[in-house]
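Peer 1: A single structure is presented below for examination.
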Amino acid sequence: MRSLIPVLVLSLWCLAGPSPAAAQEGHPLKGSWLGTWAGNTSHDPDIVLVLNWDGKAITGTINPGTDNIAIKNATLNPDGWVVHFEADAKDKSGRALTYTVDGKIENLHIPNRSVTGTWKNQRESGVFRMTRQ
Amino acid sequence: MRSAVPLVAALVGLLLTAIPVKAHHEILAKFDDNKRVMLSGVVTLVDWRNPHVHVFMNVREGNSQAANWAIELESPIDLQQSGWTRESLQPGDPITVQGIAARDGSRQLWRNSIVLTATGRQVLTFSPKTPAMPLSARPVPRWPDRQPRLGSLPGGTEGYWAFPTATALVENGVNVAMDVYGLLRNVSDAAKVAPLQPWALALYVERQRRLLRDDPMFLNCKPPGGPRQFQLPYGVQFVEDRDRQRVFVLIGSGNNNFRIIYTDGRGHVGQIGGDDDNPLYYGRSVAKWEGDTFVADTRGFNEDFWFTNGGLPHTEQLRLIERFTRTDFDTLKYEVTIEDAGAYTRPWSSTATLRWVAGEEMPRHLCQDNRP
């Protein structure tokens, strides 16, 4: 029976089909994003971000409900749609880490646009990617 | 001499530099007005369907096998209003078409003219006309309590508001050239259109550079919330339900939706967060009369649509103050003030007038039928 579980999960996944991103015609960063910071050993490489725009500042949280890492110093330079943000976190042993993410919006015109770039903290670095859901 | 008639007609057609004037989406997003083409061939099919009628024709070049071309025309509504019927062309009719070719190189053409090859008679004359104004202005129709009527007279002729003087928002006092879809003739004018924040200006420019092809009303049939409902080709109707203290705005374009403007004195508190009966494409509108002007205050919009032709961005902070004044029987002045600290650096206003189309039911055009 247990061997059927992956088949069932796969079948349900196929039946569900792709989930279209909710339209977002306002600020390009606003919304929920799924992504990865590849190679990160301090945090799960799969991440969720929720970003907001209040008219003056971009705010948001990485992994809301679990890690609850607040982002800070977030900017969007519309000249090239360059994204930057930072986040203070703690690794599994409780040591402080500061993340810096730099990227660029791709496919600006579609709701499930992406941001790709790099991430780094004091110990590691890698490729960053997130896609709006 | 008779053999020269088709040639002359074709040449006249080529001299015409008609740019598409009315359709459900920006024609230049699909067709390139720098790629002018003339085709002669035989009609194989007339596909009389929304959103655009297509005429298919076989075109033979030299001794090669005939190639089938799709000629795209306006909507059935627009063509019927111009006197065209689905019988205006029949399979087997030889025609000469001149128009602009598809950007993707496919065998598609947006027509500028269609001429019957045998007779030289032009069969397509599309000419949307604003209804003529009466020689003397007719008085504003009023309810017994002297309040102006926004809609039809009970028992009188039907009618609706259409033919807006502006089909895209531009700040009052600004003069920039754009087409009926809000596509700027010169994208460097973008910063003049409205006091946009830097990100919003860049997004607006991006949409303009992409020739508005990402318009969610066209792609996904998203409702035309905000001022856009008054900018579209098939007009609006006001239904004043005085018993229930609300005004319904019926929208002839987009997804044929309606908007409710409450006049029962309710406030906005508790209504702007979004809920099942508040999809927020039209926000929540409350209104009152100030003299002869109907003033609606609307908030609680989502960010899933374009609130004006041309693609000016907005955010959930958007608040609209709309002022409707029926200045005479046939004229409705629409003034809107846009407050959106999420996308603009200050409040700004735009004004247009609409014309009363008397004696007609509002056309119904469904964007659910849209196809690229």
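Letters A, B, ... mark the chains of the structure tokens in the order given; residue numbers begin at 1 per chain; ligand numbers begin at 1, in order shown.
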Which residues are near B:Gly41? Cut-off 7 Å, only C-alpha atoms, ignore same chain within fewer than 3 positions. Put them as a PyMOL selection string.
Peer 2: chain B and resi 57-60+94-96
Peer 1: Could you go through stretch 24-111 of chain B and tell me which residues DSSP, when run on the backbone, assigns to strand (DSSP E or B), listing them as a PyMOL selection string?
Peer 2: chain B and resi 31-47+54-59+67-72+94-102+108-111
Peer 1: Convert the current residue selection to file output with C-alpha atoms, as a PDB file, in the first residue's frame.
Peer 2:
```pdb
ATOM      1  CA  PHE B  31      -0.323  43.764 -36.740  1.00  0.00           C
ATOM      2  CA  ASP B  32       2.506  45.988 -37.932  1.00  0.00           C
ATOM      3  CA  ASP B  33       1.420  49.204 -39.599  1.00  0.00           C
ATOM      4  CA  ASN B  34       4.791  49.344 -41.328  1.00  0.00           C
ATOM      5  CA  LYS B  35       4.047  46.100 -43.165  1.00  0.00           C
ATOM      6  CA  ARG B  36       1.444  47.162 -45.692  1.00  0.00           C
ATOM      7  CA  VAL B  37       0.221  44.417 -47.983  1.00  0.00           C
ATOM      8  CA  MET B  38      -2.211  44.148 -50.885  1.00  0.00           C
ATOM      9  CA  LEU B  39      -3.736  40.775 -51.717  1.00  0.00           C
ATOM     10  CA  SER B  40      -6.032  39.609 -54.486  1.00  0.00           C
ATOM     11  CA  GLY B  41      -7.844  36.330 -54.237  1.00  0.00           C
ATOM     12  CA  VAL B  42     -11.120  34.537 -53.714  1.00  0.00           C
ATOM     13  CA  VAL B  43     -13.226  34.454 -50.567  1.00  0.00           C
ATOM     14  CA  THR B  44     -13.432  30.967 -49.039  1.00  0.00           C
ATOM     15  CA  LEU B  45     -15.272  31.709 -45.791  1.00  0.00           C
ATOM     16  CA  VAL B  46     -16.726  34.559 -43.744  1.00  0.00           C
ATOM     17  CA  ASP B  47     -16.418  33.762 -40.042  1.00  0.00           C
ATOM     18  CA  HIS B  54     -12.571  37.056 -40.203  1.00  0.00           C
ATOM     19  CA  VAL B  55     -12.707  36.731 -43.966  1.00  0.00           C
ATOM     20  CA  PHE B  56     -10.660  33.862 -45.320  1.00  0.00           C
ATOM     21  CA  MET B  57      -9.386  34.057 -48.869  1.00  0.00           C
ATOM     22  CA  ASN B  58      -7.257  31.996 -51.192  1.00  0.00           C
ATOM     23  CA  VAL B  59      -4.410  33.926 -52.747  1.00  0.00           C
ATOM     24  CA  ALA B  67      -2.378  30.053 -49.892  1.00  0.00           C
ATOM     25  CA  ASN B  68      -5.185  30.765 -47.450  1.00  0.00           C
ATOM     26  CA  TRP B  69      -5.069  34.136 -45.688  1.00  0.00           C
ATOM     27  CA  ALA B  70      -7.154  35.320 -42.748  1.00  0.00           C
ATOM     28  CA  ILE B  71      -8.360  38.900 -43.021  1.00  0.00           C
ATOM     29  CA  GLU B  72      -9.339  40.318 -39.648  1.00  0.00           C
ATOM     30  CA  PRO B  94     -12.977  37.728 -55.957  1.00  0.00           C
ATOM     31  CA  ILE B  95     -11.660  40.515 -53.720  1.00  0.00           C
ATOM     32  CA  THR B  96      -8.692  42.774 -53.342  1.00  0.00           C
ATOM     33  CA  VAL B  97      -7.653  43.566 -49.804  1.00  0.00           C
ATOM     34  CA  GLN B  98      -5.133  46.013 -48.584  1.00  0.00           C
ATOM     35  CA  GLY B  99      -4.076  46.139 -44.990  1.00  0.00           C
ATOM     36  CA  ILE B 100      -1.287  45.552 -42.529  1.00  0.00           C
ATOM     37  CA  ALA B 101       0.353  42.197 -41.942  1.00  0.00           C
ATOM     38  CA  ALA B 102       0.741  40.207 -38.745  1.00  0.00           C
ATOM     39  CA  GLN B 108      -3.019  37.251 -41.352  1.00  0.00           C
ATOM     40  CA  LEU B 109      -3.946  40.759 -42.320  1.00  0.00           C
ATOM     41  CA  TRP B 110      -5.816  43.544 -40.593  1.00  0.00           C
ATOM     42  CA  ARG B 111      -7.918  45.033 -43.332  1.00  0.00           C
TER      43      ARG B 111
END
```
Peer 1: If you take only C-alpha atoms and a cut-off of 9 Å, which residues of chain A touch chain B, and what are their nearest atom pairs and distances in Å to one decimal, in chain and number order, as a Markdown table?
Peer 2:
```
| residue | atom | partner | partner_atom | distance |
| --- | --- | --- | --- | --- |
| A:Ala22 | CA | B:Asp304 | CA | 7.6 |
| A:Ala23 | CA | B:Asp304 | CA | 4.9 |
| A:Gln24 | CA | B:Asp304 | CA | 5.0 |
| A:Glu25 | CA | B:Glu303 | CA | 5.4 |
| A:Gly26 | CA | B:Thr315 | CA | 5.1 |
| A:His27 | CA | B:Thr315 | CA | 7.0 |
| A:Pro28 | CA | B:Leu203 | CA | 8.4 |
| A:Trp53 | CA | B:Gly342 | CA | 7.4 |
| A:Asp54 | CA | B:Gly342 | CA | 6.1 |
| A:Gly55 | CA | B:Gly342 | CA | 3.6 |
| A:Lys56 | CA | B:Gly342 | CA | 7.3 |
| A:Leu76 | CA | B:Trp199 | CA | 7.8 |
| A:Asn77 | CA | B:Trp199 | CA | 7.5 |
| A:Pro78 | CA | B:Trp199 | CA | 5.3 |
| A:Asp79 | CA | B:Ala202 | CA | 7.5 |
| A:Trp81 | CA | B:Trp199 | CA | 8.7 |
| A:Leu108 | CA | B:Leu203 | CA | 8.5 |
| A:His109 | CA | B:Asp214 | CA | 6.6 |
| A:Ile110 | CA | B:Asp214 | CA | 7.8 |
```
Peer 1: Could you save the residues just selected, with N, CA and C atoms, as an mmCIF file, in the first residue's frame?
Peer 2:
```cif
data_model
loop_
_atom_site.group_PDB
_atom_site.id
_atom_site.type_symbol
_atom_site.label_atom_id
_atom_site.label_comp_id
_atom_site.auth_asym_id
_atom_site.auth_seq_id
_atom_site.Cartn_x
_atom_site.Cartn_y
_atom_site.Cartn_z
ATOM 1 N N ALA A 22 -2.187 34.404 -9.470
ATOM 2 C CA ALA A 22 -3.189 35.468 -9.446
ATOM 3 C C ALA A 22 -2.632 36.665 -10.190
ATOM 4 N N ALA A 23 -3.522 37.320 -10.921
ATOM 5 C CA ALA A 23 -3.079 38.496 -11.668
ATOM 6 C C ALA A 23 -2.522 39.530 -10.709
ATOM 7 N N GLN A 24 -1.560 40.268 -11.147
ATOM 8 C CA GLN A 24 -0.982 41.329 -10.328
ATOM 9 C C GLN A 24 -0.508 42.398 -11.269
ATOM 10 N N GLU A 25 -1.321 43.446 -11.395
ATOM 11 C CA GLU A 25 -1.009 44.509 -12.339
ATOM 12 C C GLU A 25 -0.482 45.746 -11.618
ATOM 13 N N GLY A 26 -0.344 45.657 -10.297
ATOM 14 C CA GLY A 26 0.178 46.777 -9.528
ATOM 15 C C GLY A 26 1.686 46.663 -9.382
ATOM 16 N N HIS A 27 2.185 46.901 -8.167
ATOM 17 C CA HIS A 27 3.626 46.842 -7.956
ATOM 18 C C HIS A 27 4.138 45.442 -8.283
ATOM 19 N N PRO A 28 5.193 45.338 -9.100
ATOM 20 C CA PRO A 28 5.605 44.018 -9.607
ATOM 21 C C PRO A 28 6.077 43.044 -8.533
ATOM 22 N N TRP A 53 3.928 46.197 -0.825
ATOM 23 C CA TRP A 53 4.347 47.553 -1.196
ATOM 24 C C TRP A 53 3.311 48.510 -0.632
ATOM 25 N N ASP A 54 3.754 49.456 0.203
ATOM 26 C CA ASP A 54 2.793 50.371 0.822
ATOM 27 C C ASP A 54 2.810 51.754 0.179
ATOM 28 N N GLY A 55 3.517 51.872 -0.909
ATOM 29 C CA GLY A 55 3.622 53.169 -1.576
ATOM 30 C C GLY A 55 4.952 53.838 -1.307
ATOM 31 N N LYS A 56 5.638 53.379 -0.262
ATOM 32 C CA LYS A 56 6.945 53.978 0.055
ATOM 33 C C LYS A 56 8.021 52.909 0.223
ATOM 34 N N LEU A 76 13.607 48.203 -5.235
ATOM 35 C CA LEU A 76 13.375 47.808 -6.624
ATOM 36 C C LEU A 76 13.779 48.994 -7.484
ATOM 37 N N ASN A 77 14.810 48.805 -8.283
ATOM 38 C CA ASN A 77 15.227 49.854 -9.209
ATOM 39 C C ASN A 77 14.570 49.573 -10.557
ATOM 40 N N PRO A 78 13.587 50.397 -10.937
ATOM 41 C CA PRO A 78 12.880 50.108 -12.195
ATOM 42 C C PRO A 78 13.772 50.205 -13.421
ATOM 43 N N ASP A 79 14.927 50.816 -13.277
ATOM 44 C CA ASP A 79 15.864 50.843 -14.394
ATOM 45 C C ASP A 79 16.560 49.479 -14.457
ATOM 46 N N TRP A 81 14.818 46.779 -13.530
ATOM 47 C CA TRP A 81 14.025 45.968 -12.604
ATOM 48 C C TRP A 81 14.935 45.150 -11.690
ATOM 49 N N LEU A 108 8.513 40.393 -16.605
ATOM 50 C CA LEU A 108 7.756 41.391 -15.849
ATOM 51 C C LEU A 108 6.272 41.402 -16.201
ATOM 52 N N HIS A 109 5.954 41.122 -17.453
ATOM 53 C CA HIS A 109 4.595 41.331 -17.940
ATOM 54 C C HIS A 109 3.646 40.203 -17.588
ATOM 55 N N ILE A 110 4.135 39.107 -16.999
ATOM 56 C CA ILE A 110 3.210 38.015 -16.667
ATOM 57 C C ILE A 110 3.075 37.892 -15.158
#
```
Peer 1: At what distance in Å, to one decimal, does atom CA of B:Leu183 lie from atom CA of B:Thr325?
Peer 2: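 Value for the atom CA of B:Thr325-atom CA of B:Leu183 distance: 27.9 Å.
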Peer 1: What's around stretch 92-100 of chain A at 10 Å? Count only C-alpha atoms, leave out sequence neighbours fewer than 4 positions away in its own chain, and write the answer as a compact mmCIF listing (two decimals) with C-alpha atoms, in the first residue's frame.
Peer 2:
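Once everything was written out, this is out_2.txt:
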```txt
# COMPACT_ATOMS: atom_id res chain seq x y z
CA THR A 41 22.83 24.61 4.50
CA SER A 42 21.67 26.96 7.24
CA HIS A 43 18.08 27.10 6.03
CA ILE A 71 13.29 41.31 5.03
CA LYS A 72 14.88 44.74 5.31
CA ASN A 73 16.39 47.37 3.04
CA ALA A 74 14.37 46.06 0.12
CA HIS A 84 17.80 43.94 -3.59
CA PHE A 85 16.89 42.94 -0.08
CA GLU A 86 18.50 41.82 3.13
CA ALA A 87 17.32 39.69 6.01
CA ASP A 88 18.59 38.94 9.50
CA THR A 118 22.37 35.54 -6.08
CA TRP A 119 22.20 35.18 -2.29
CA LYS A 120 24.92 35.26 0.27
CA ASN A 121 25.45 35.29 4.02
CA GLN A 122 28.58 35.34 6.13
CA ARG A 123 29.40 31.70 5.30
CA GLU A 124 27.76 30.71 2.06
CA SER A 125 26.49 32.00 -1.22
```
Peer 1: To one decimal place in Å, what is the distance between atom CA of B:Phe238 and atom CA of B:Gly151?
Peer 2: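 Atom-to-atom, atom CA of B:Phe238 and atom CA of B:Gly151 are spaced 4.9 Å apart.
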